[in-house]
Each structure stands twice: as C-alpha cells, then as structure tokens.
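A short write-up of the structure that comes next.
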Amino acid sequence: MGRTAILKTLVFEHILESVEQAPDDQAIETLLTAGADLSAQLEHESFYPAEFIAWRLTGHREIDSGESLSGAVILRELAVLVQRASALRPRAVSAVHGGARDLHQVAADIGVSVRTLQRWRDDGLLMRQMLFPDGKVRLGISNLLLASFRDRHPERFQQAASFSRMTFQESHSLAEKAFQLIQDGNSPNQAARRLASQSGRSHEAIRQLIRRHRGERGPVRGAGGLVDDRERKLVLAGARRGLEIDEIGRRIGRSPVSTRRILAEARAVVVRELRPDWIHFAVFDQPDADQILLQARAVVHRPHPVFEPGSSLDTLRALEASEDERVLDSLLLPAMHLQRMRLSREIDQLPKTPPVGRLEMIETGLRRADFLRRRVGEVALESALYRVAHHRNLPISRFSGDAFARAVRFCIEVVSDMLDHFDPQARGGLEPRFDRRIALEVDKRIALRQRGSVREESALPKERTVDALLSLLEPARLRLGLSPHLVARLDRLDDGQAELVMDRYGLGRRQPQSLDALAAQWDVPVRRMHRILAEAVRQLRGEAF
C-alpha cells in the first residue's frame with residue numbers, strides 16, 4: 001500500500017481532505033490516536049453509520065454521506081487514512097508515545113514476514129509514516145498499538161512463535177498434494193488455500209511452494225502453469241476472432257482471469273514489437289502542440305477521395321497532387337512524428353500485464369500513426385515516380401505492367417525509408433522539403449544502381465492492388481489484424497460492416513477510430529462492438545464462427 005493509497009468511501013475522503021487543507025501536528029496526532037482507539041473497538045461483521053465514524057475520529061457530526069460501513073471496511077479505510085495523514089507531518093520515532101519500530105524490526109522480533117504484517121493491517125494493525133534516526137521517513141508501528149493488537153489476536157503471535165522452517169520432505173509432500181489438487185481441477189490458489197487449512201502452513205507459503213515446483217516441473221495443463229509464446233498467440237488469435245474469454249479459457253484450460261491476463265500480455269508483446277522511432281520537431285516544444293497538430297481537421301480527416309479497396313495498381317498511373325501536399329511539411333509530417341513520439345513513451349512505460357484501456361489507446365494510436373504515414377507517403381510517391389520516369393525518359397503511362405509494378409515498389413521502399421529518417425532540422429545544406437528530398441533520394445539510388453552498387457531491380461509485388469503496395473507504408477496494420485488481401489474483400493460485407501472496418505482501420509477519410517468512439521457512435525456496448533468487428537474480419541477471412 002503506497003503513500004497515495006486510495007480511500008474508497010466518502011466519509012474517510014472528507015476527513016482526509018479536511019486534514020490536508022490545513023495540516024497541523026496536533027490535529028493529526030489527535031486523529032491518529034482516535035483511529036487507534038476506534039480500530040480496537042470495531043467488529044468485522046457489524047455496520048456503523050458514517051456520522052458515528054466522523055464523530056469518533058474528528059469529534060464532529062457534520063460529515064454524513066449516508067453511508068453505513070462494515071467493521072471490515074472501516075479497518076481497511078483506517079489503515080489508509082492513518083498512513084496518508086501521518087505522511088503529511090511525519091513524527092520522529094523518539095516523539096511517539098511508548099516508542100516505535102519499523103516494519104523490518106517488528107517482523108524480525110515477532111518472527112513473521114513484512115508481508116504478513118501488511119496483511120494484518122486489514123484486521124486493525126495500523127502503521128504510520130515516521131522519521132527514523134537515519135533521517136529517512138518510512139512506515140513504522142507504535143509499540144502500544146502492537147501490544148493492543150497482540151491482546152486482540154494472541155493466536156497469530158502464538159503461531160509465529162511456533163513457526164518452523166519447512167523441511168525438504170514436508171515441502172515435497174505438500175507439492176505433490178498441491179499438484180494432485182490442481183490436476184483435479186482446482187486453481188493453484190484454491191489448492192494453496194485447502195492445503196493451508198489442513199497443514200497449518202500459511203496460504204502464502206504454500207502458494208510460493210507451488211510456484212517454485214511448477215517452474216521445475218513445467219506447465220500443468222488445466223490449472224495454470226507457465227505461459228509460453230504459443231499460448232499467448234492462441235489467446236490473441238481467439239480474441240481477434242471474437243471468441244468470448246470464457247470460451248478461450250475453456251479451450252486452453254485456463255480460468256477467465258488468467259486468460260484475460262494472457263491476452264493483455266500477448267497484446268503488449270505485439271505493441272512493444274511495433275514501437276516506432278520518431279524525430280523531434282521544434283514545433284513539439286510549443287504550448288498545446290498536441291491540440292495544434294493531432295486535432296487539426298487536416299490531420300484527422302482526409303480532404304481528398306481514397307483509393308477504392310481492391311483498386312488495380314494501374315490507378316496510380318494517374319496519381320495527382322492532393323490537398324495533403326499543401327500541409328505536408330507544416331502539419332502531416334510533424335503530426336506523424338508527434339504521434340509516434342507519444343506512442344514510444346507510452347510503450348516504454350507499459351507493465352508486463354497492462355490495463356486493457358491502455359492497450360486499446362496504444363493500438364489506436366499505432367493505427368493513427370500509420371494513417372498519417374500512408375498519407376505522407378502517397379504525396380511523396382508522386383514525386384518519386386516522376387523521377388523514375390525522368391531517368392527512363394519514358395512517360396509513366398507507357399510503362400509496361402511489370403515495369404510499373406517494380407517502379408512503384410522501388411519508390412515505396414525509398415519513401416518508407418525516408419519517412420523514418422528525414423529530419424528537416426539536421427538537413428545541413430540539403431533540400432528541406434520532404435517531397436523534394438524524396439526526389440533527390442530516388443536520383444541517388446538510381447545512380448547507385450547504374451554503377452552496380454545495389455541490386456538492379458526491386459522484386460515484383462505478389463499482389464497488384466493499390467492497397468497491397470501502399471500497406472507497406474503501414475507497418476502496424478497487418479500486426480493489428482487486417483492484411484491487404486482482406487481489404488480487397490470488403491465487398492463481402494454489408495454496408496454497415498464495411499463502414500465499421502474502414503473506420504476502425506482508417507481505410508476511409510477518417511483517421512482510425514477507437515472501440516469506445518465506435519461503440520458510442522453506433523450506440524452499442526464496447527464488448528458488442530468488439531464482437532461485431534471480429535465477426536466482420538472473420539467474414540473477410542471466409543471463416544466459420
């Protein structure tokens with residue numbers, strides 16, 4: 001429980017707010033003393049009105065949230081209140097009446113772990129922030145409070161005094177029993193609880209024992225075990241096909257909670273692999289750069305028509321300058337790198353098992369970064385193709401089918417490389433405009449080919465559609481669930497489903513939309529929207545449910 005542990009009831013929030021607004025040493029000490037007295041008189045199963053709690057802790061009855069709290073809830077809230085209030089004015093250990101010790105000293109003296117002491121807080125063992133002789137502030141326990149807790153719970157101290165280290169034979173026997181319970185369908189946590197009630201060992205000790213032995217013996221199917229990459233991929237594939245978490249868990253032999261955790265880990269693995277590089281632009285340092293760049297209409301909405309899904313590659317022969325060219329260097333390129341910068345920082349801070357909402361935000365951000373990357377690439381592609389035509393001294397319209405496909409593939413490779421490395425602030429004496437730098441880079445690479453420094457021709461693309469080639473400018477889209485050959489099949493869907501897929505992946509004029517935004521737009525729950533999208537993608541794949 002950290003210093004900013006959250007209070008969950010209004011009455012305790014009001015009390016803490018009143019102390020934080022005008023922290024006073026005497027008022028805080030009075031509150032802590034009242035909290036200690038109250039904790040010793042509460043019964044877990046009894047309920048107490050908020051007015052009574054406020055009166056006991058502050059001496060006032062003004063606070064009345066209408067709540068009625070059980071003794072167990074009050075003890076938990078008291079633990080948080082005492083810790084946070086004491087952190088406002090940490091008192092020296094020498095000034096605490098009756099003396100005090102830090103958690104490690106108390107744990108060593110009693111013969112329990114610090115973690116056990118932390119669990120005892122829910123039963124009324126209050127801890128406060130104190131200033132110790134080494135000059136550091138940390139949690140400690142008053143000797144008087146500890147003695148009072150011992151009087152109320154003598155059995156816990158007797159159990160600690162009779163503690164003996166687990167022998168090899170005992171640990172081996174308990175592990176065998178635990179694995180038998182797991183094989184019978186119990187979760188590791190359930191097995192630990194059952195054995196703890198039978199053996200006299202703590203639930204935590206047996207839980208850790210199971211974890212150690214499970215690592216030695218490998219995964220146990222049907223009841224937890226080590227999670228490998230194959231299992232993560234299976235769970236992710238099932239979720240993308242719209243299967244319910246319960247159904248996925250049943251198929252892999254995991255509980256719903258474990259399956260959700262594995263899914264979050266699998267999604268986190270993907271976004272970490274997609275972590276984009278970015279270039280810092282001076283405009284990023286301006287106030288409200290996010291609003292100026294990322295929320296501009298020219299960024300979130302294409303001002304020009306989009307290539308139809310499945311369009312032939314020959315459509316690019318008539319590629320013309322779009323309105324995006326006007327804001328290429330001033331808006332689209334900086335917005336793309338700002339979006340990538342934000343994503344990189346978010347991904348770097350991801351825990352192993354991130355919250356679902358945070359993953360959804362990052363995945364949507366990756367799609368939006370790709371949306372901008374493709375738009376910038378489409379503008380630059382025109383300049384690149386004209387340079388190729390210039391070197392061949394042949395109009396684009398007269399290129400053969402294979403020659404044009406190779407030229408487009410070559411130009412997209414050049415544009416894609418430059419999108420990641422073009423820095424207008426480090427240009428030296430080079431051309432600052434992106435489209436002109438693309439033209440210079442095309443000239444350079446063609447010259448290298450003519451000298452034999454690089455391979456002569458780009459490989460012919462397997463698919464001759466506009467989306468198949470332009471998707472090379474969208475590195476995240478395939479990894480996040482929509483490949484080019486599926487885009488070519490959008491006519492398999494009804495109009496509503498096709499519109500949803502296009503909005504989700506940014507295939508139309510709008511930037512990719514989050515699940516929450518789509519759910520609000522269509523007035524359906526988020527989970528329902530996820531299933532609708534998964535069903536649409538499944539139809540594109542030609543799969544049965």
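If you're wondering about the labels, chains in the structure tokens are A, B, ... by order shown, residues count from 1 in each chain, ligands from 1 in order shown.
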
Near-A:Glu176 list (10 Å; only C-alpha atoms; drop same-chain fewer than 6 positions) as a ChimeraX atom specification:
/A:170,182,210,213

Residue selection dump (N, CA and C atoms) as a short mmCIF file (atom, residue, chain, number, x, y, z; two decimals), in the first residue's frame:
data_model
loop_
_atom_site.label_atom_id
_atom_site.label_comp_id
_atom_site.auth_asym_id
_atom_site.auth_seq_id
_atom_site.Cartn_x
_atom_site.Cartn_y
_atom_site.Cartn_z
N GLU A 170 8.69 -32.31 3.90
CA GLU A 170 7.38 -31.68 4.02
C GLU A 170 7.03 -30.89 2.76
N ILE A 182 -4.54 -29.69 -8.20
CA ILE A 182 -4.59 -28.94 -9.45
C ILE A 182 -5.06 -29.82 -10.59
N ILE A 210 4.13 -23.86 -4.54
CA ILE A 210 3.58 -24.33 -5.82
C ILE A 210 4.27 -23.63 -6.99
N HIS A 213 7.82 -25.19 -7.50
CA HIS A 213 7.77 -26.53 -8.08
C HIS A 213 7.19 -26.51 -9.49
#

Compile the contact shell of A:Pro395 as number ranges by chain: residues with an atom at most 12 Å away, counting only C-alpha atoms, same-chain residues fewer than 5 positions apart removed.
A: 317-318, 385-390, 400, 403-404

Using backbone DSSP assignments, extract all helix (DSSP H, G or I) residues from stretch 301-364 of chain A; output them as JSON, numbers by chain.
{"A": [313, 314, 315, 316, 317, 318, 323, 324, 325, 326, 327, 328, 329, 330, 331, 332, 333, 334, 335, 336, 337, 338, 339, 340, 341, 342, 343, 344, 345, 346, 347, 348, 356, 357, 358, 359, 360, 361, 362, 363, 364]}

Selection to disk with N, CA and C atoms, as a short mmCIF file (atom, residue, chain, number, x, y, z; two decimals), in the first residue's frame:
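What follows is the written file out_17.cif:
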data_model
loop_
_atom_site.label_atom_id
_atom_site.label_comp_id
_atom_site.auth_asym_id
_atom_site.auth_seq_id
_atom_site.Cartn_x
_atom_site.Cartn_y
_atom_site.Cartn_z
N LEU A 313 -3.42 -1.65 -59.59
CA LEU A 313 -2.21 -0.85 -59.45
C LEU A 313 -2.13 0.24 -60.52
N ASP A 314 -2.77 0.00 -61.66
CA ASP A 314 -2.74 0.99 -62.74
C ASP A 314 -3.39 2.31 -62.33
N THR A 315 -4.19 2.28 -61.26
CA THR A 315 -4.81 3.52 -60.77
C THR A 315 -3.75 4.55 -60.42
N LEU A 316 -2.58 4.09 -59.97
CA LEU A 316 -1.52 5.00 -59.56
C LEU A 316 -0.86 5.71 -60.74
N ARG A 317 -1.10 5.23 -61.97
CA ARG A 317 -0.52 5.91 -63.13
C ARG A 317 -1.05 7.34 -63.26
N ALA A 318 -2.28 7.54 -62.79
CA ALA A 318 -2.89 8.87 -62.88
C ALA A 318 -2.81 9.62 -61.56
N GLU A 323 -4.60 17.68 -51.88
CA GLU A 323 -4.56 18.79 -50.93
C GLU A 323 -3.60 18.52 -49.78
N ASP A 324 -3.28 17.25 -49.53
CA ASP A 324 -2.31 16.93 -48.47
C ASP A 324 -0.95 17.54 -48.74
N GLU A 325 -0.64 17.78 -50.03
CA GLU A 325 0.68 18.33 -50.37
C GLU A 325 0.87 19.72 -49.76
N ARG A 326 -0.23 20.46 -49.60
CA ARG A 326 -0.14 21.82 -49.07
C ARG A 326 0.29 21.85 -47.61
N VAL A 327 -0.07 20.80 -46.87
CA VAL A 327 0.24 20.77 -45.42
C VAL A 327 1.23 19.65 -45.09
N LEU A 328 1.93 19.15 -46.10
CA LEU A 328 2.82 18.00 -45.88
C LEU A 328 3.89 18.32 -44.85
N ASP A 329 4.68 19.35 -45.08
CA ASP A 329 5.80 19.65 -44.18
C ASP A 329 5.38 20.42 -42.95
N SER A 330 4.31 21.21 -43.06
CA SER A 330 3.90 22.04 -41.93
C SER A 330 3.02 21.32 -40.93
N LEU A 331 2.34 20.25 -41.36
CA LEU A 331 1.35 19.63 -40.48
C LEU A 331 1.44 18.10 -40.46
N LEU A 332 1.34 17.45 -41.61
CA LEU A 332 1.24 15.99 -41.62
C LEU A 332 2.50 15.32 -41.10
N LEU A 333 3.67 15.74 -41.59
CA LEU A 333 4.91 15.10 -41.16
C LEU A 333 5.19 15.32 -39.68
N PRO A 334 5.08 16.56 -39.16
CA PRO A 334 5.25 16.74 -37.70
C PRO A 334 4.21 15.97 -36.89
N ALA A 335 2.95 15.95 -37.36
CA ALA A 335 1.91 15.23 -36.62
C ALA A 335 2.22 13.75 -36.54
N MET A 336 2.73 13.18 -37.64
CA MET A 336 3.08 11.76 -37.64
C MET A 336 4.15 11.47 -36.59
N HIS A 337 5.19 12.28 -36.55
CA HIS A 337 6.28 12.03 -35.60
C HIS A 337 5.87 12.35 -34.16
N LEU A 338 4.98 13.32 -33.98
CA LEU A 338 4.49 13.59 -32.63
C LEU A 338 3.66 12.41 -32.12
N GLN A 339 2.82 11.87 -32.99
CA GLN A 339 2.04 10.68 -32.61
C GLN A 339 2.97 9.52 -32.28
N ARG A 340 4.01 9.32 -33.06
CA ARG A 340 4.96 8.23 -32.81
C ARG A 340 5.75 8.47 -31.53
N MET A 341 6.09 9.72 -31.25
CA MET A 341 6.80 10.03 -30.01
C MET A 341 5.96 9.67 -28.79
N ARG A 342 4.70 10.07 -28.81
CA ARG A 342 3.81 9.76 -27.69
C ARG A 342 3.65 8.25 -27.52
N LEU A 343 3.52 7.55 -28.63
CA LEU A 343 3.37 6.10 -28.56
C LEU A 343 4.62 5.44 -27.99
N SER A 344 5.78 5.87 -28.44
CA SER A 344 7.03 5.27 -27.96
C SER A 344 7.15 5.41 -26.45
N ARG A 345 6.80 6.58 -25.94
CA ARG A 345 6.90 6.80 -24.49
C ARG A 345 5.87 5.97 -23.73
N GLU A 346 4.68 5.86 -24.29
CA GLU A 346 3.66 5.02 -23.64
C GLU A 346 4.09 3.56 -23.62
N ILE A 347 4.63 3.08 -24.73
CA ILE A 347 5.05 1.68 -24.82
C ILE A 347 6.20 1.40 -23.86
N ASP A 348 7.12 2.35 -23.74
CA ASP A 348 8.27 2.16 -22.84
C ASP A 348 7.83 2.03 -21.38
N VAL A 356 -6.39 -3.04 -20.04
CA VAL A 356 -6.96 -3.16 -21.38
C VAL A 356 -7.16 -1.79 -22.02
N GLY A 357 -7.62 -0.82 -21.24
CA GLY A 357 -7.85 0.51 -21.80
C GLY A 357 -6.57 1.15 -22.32
N ARG A 358 -5.48 0.91 -21.62
CA ARG A 358 -4.20 1.48 -22.06
C ARG A 358 -3.73 0.82 -23.35
N LEU A 359 -3.93 -0.49 -23.47
CA LEU A 359 -3.56 -1.19 -24.70
C LEU A 359 -4.40 -0.70 -25.88
N GLU A 360 -5.70 -0.51 -25.65
CA GLU A 360 -6.58 -0.03 -26.72
C GLU A 360 -6.14 1.35 -27.19
N MET A 361 -5.75 2.22 -26.25
CA MET A 361 -5.30 3.56 -26.61
C MET A 361 -4.03 3.49 -27.47
N ILE A 362 -3.09 2.60 -27.09
CA ILE A 362 -1.84 2.49 -27.84
C ILE A 362 -2.09 1.89 -29.22
N GLU A 363 -2.92 0.85 -29.29
CA GLU A 363 -3.20 0.24 -30.59
C GLU A 363 -3.89 1.22 -31.54
N THR A 364 -4.83 2.00 -31.01
CA THR A 364 -5.48 3.02 -31.84
C THR A 364 -4.46 4.06 -32.28
#

Which residues are near A:Gln118? Cut-off 12 Å, only C-alpha atoms, ignore same chain within fewer than 3 positions. Put them as a PDB file with C-alpha atoms, in the first residue's frame.
ATOM      1  CA  MET A   1       0.000   0.000   0.000  1.00  0.00           C
ATOM      2  CA  GLY A   2       1.735   3.193  -1.178  1.00  0.00           C
ATOM      3  CA  ARG A  76      -9.204  -1.057   5.787  1.00  0.00           C
ATOM      4  CA  ALA A  79      -5.215   1.849   7.611  1.00  0.00           C
ATOM      5  CA  VAL A  80      -5.130   4.118   4.539  1.00  0.00           C
ATOM      6  CA  LEU A 103       8.370  -2.958   9.835  1.00  0.00           C
ATOM      7  CA  HIS A 104      11.564  -4.959   9.420  1.00  0.00           C
ATOM      8  CA  VAL A 106       8.887  -5.709  14.153  1.00  0.00           C
ATOM      9  CA  ALA A 107       8.860  -8.615  11.691  1.00  0.00           C
ATOM     10  CA  VAL A 112       6.922 -13.192  10.682  1.00  0.00           C
ATOM     11  CA  SER A 113       7.498 -11.606   7.285  1.00  0.00           C
ATOM     12  CA  VAL A 114       6.895  -7.954   6.468  1.00  0.00           C
ATOM     13  CA  ARG A 115       4.250  -9.138   4.030  1.00  0.00           C
ATOM     14  CA  ARG A 121      -3.459  -4.134   8.553  1.00  0.00           C
ATOM     15  CA  ASP A 122      -6.883  -5.292   7.375  1.00  0.00           C
ATOM     16  CA  ASP A 123      -7.513  -6.506  10.929  1.00  0.00           C
ATOM     17  CA  GLY A 124      -6.533  -3.260  12.611  1.00  0.00           C
ATOM     18  CA  LEU A 125      -2.719  -3.170  12.863  1.00  0.00           C
ATOM     19  CA  LEU A 126      -2.274   0.495  11.950  1.00  0.00           C
ATOM     20  CA  MET A 127       1.014   1.748  10.518  1.00  0.00           C
ATOM     21  CA  LEU A 139       6.393   3.012   7.794  1.00  0.00           C
ATOM     22  CA  GLY A 140       6.584   2.055  11.430  1.00  0.00           C
ATOM     23  CA  ILE A 141       4.396   0.581  14.166  1.00  0.00           C
TER      24      ILE A 141
END

Which residue is closest to A:Asp25? Choose from A:Arg89, A:Arg84, A:Arg194, A:Arg375 and count only C-alpha atoms.
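Using only C-alpha atoms, the shortest distance to A:Asp25 belongs to A:Arg89.
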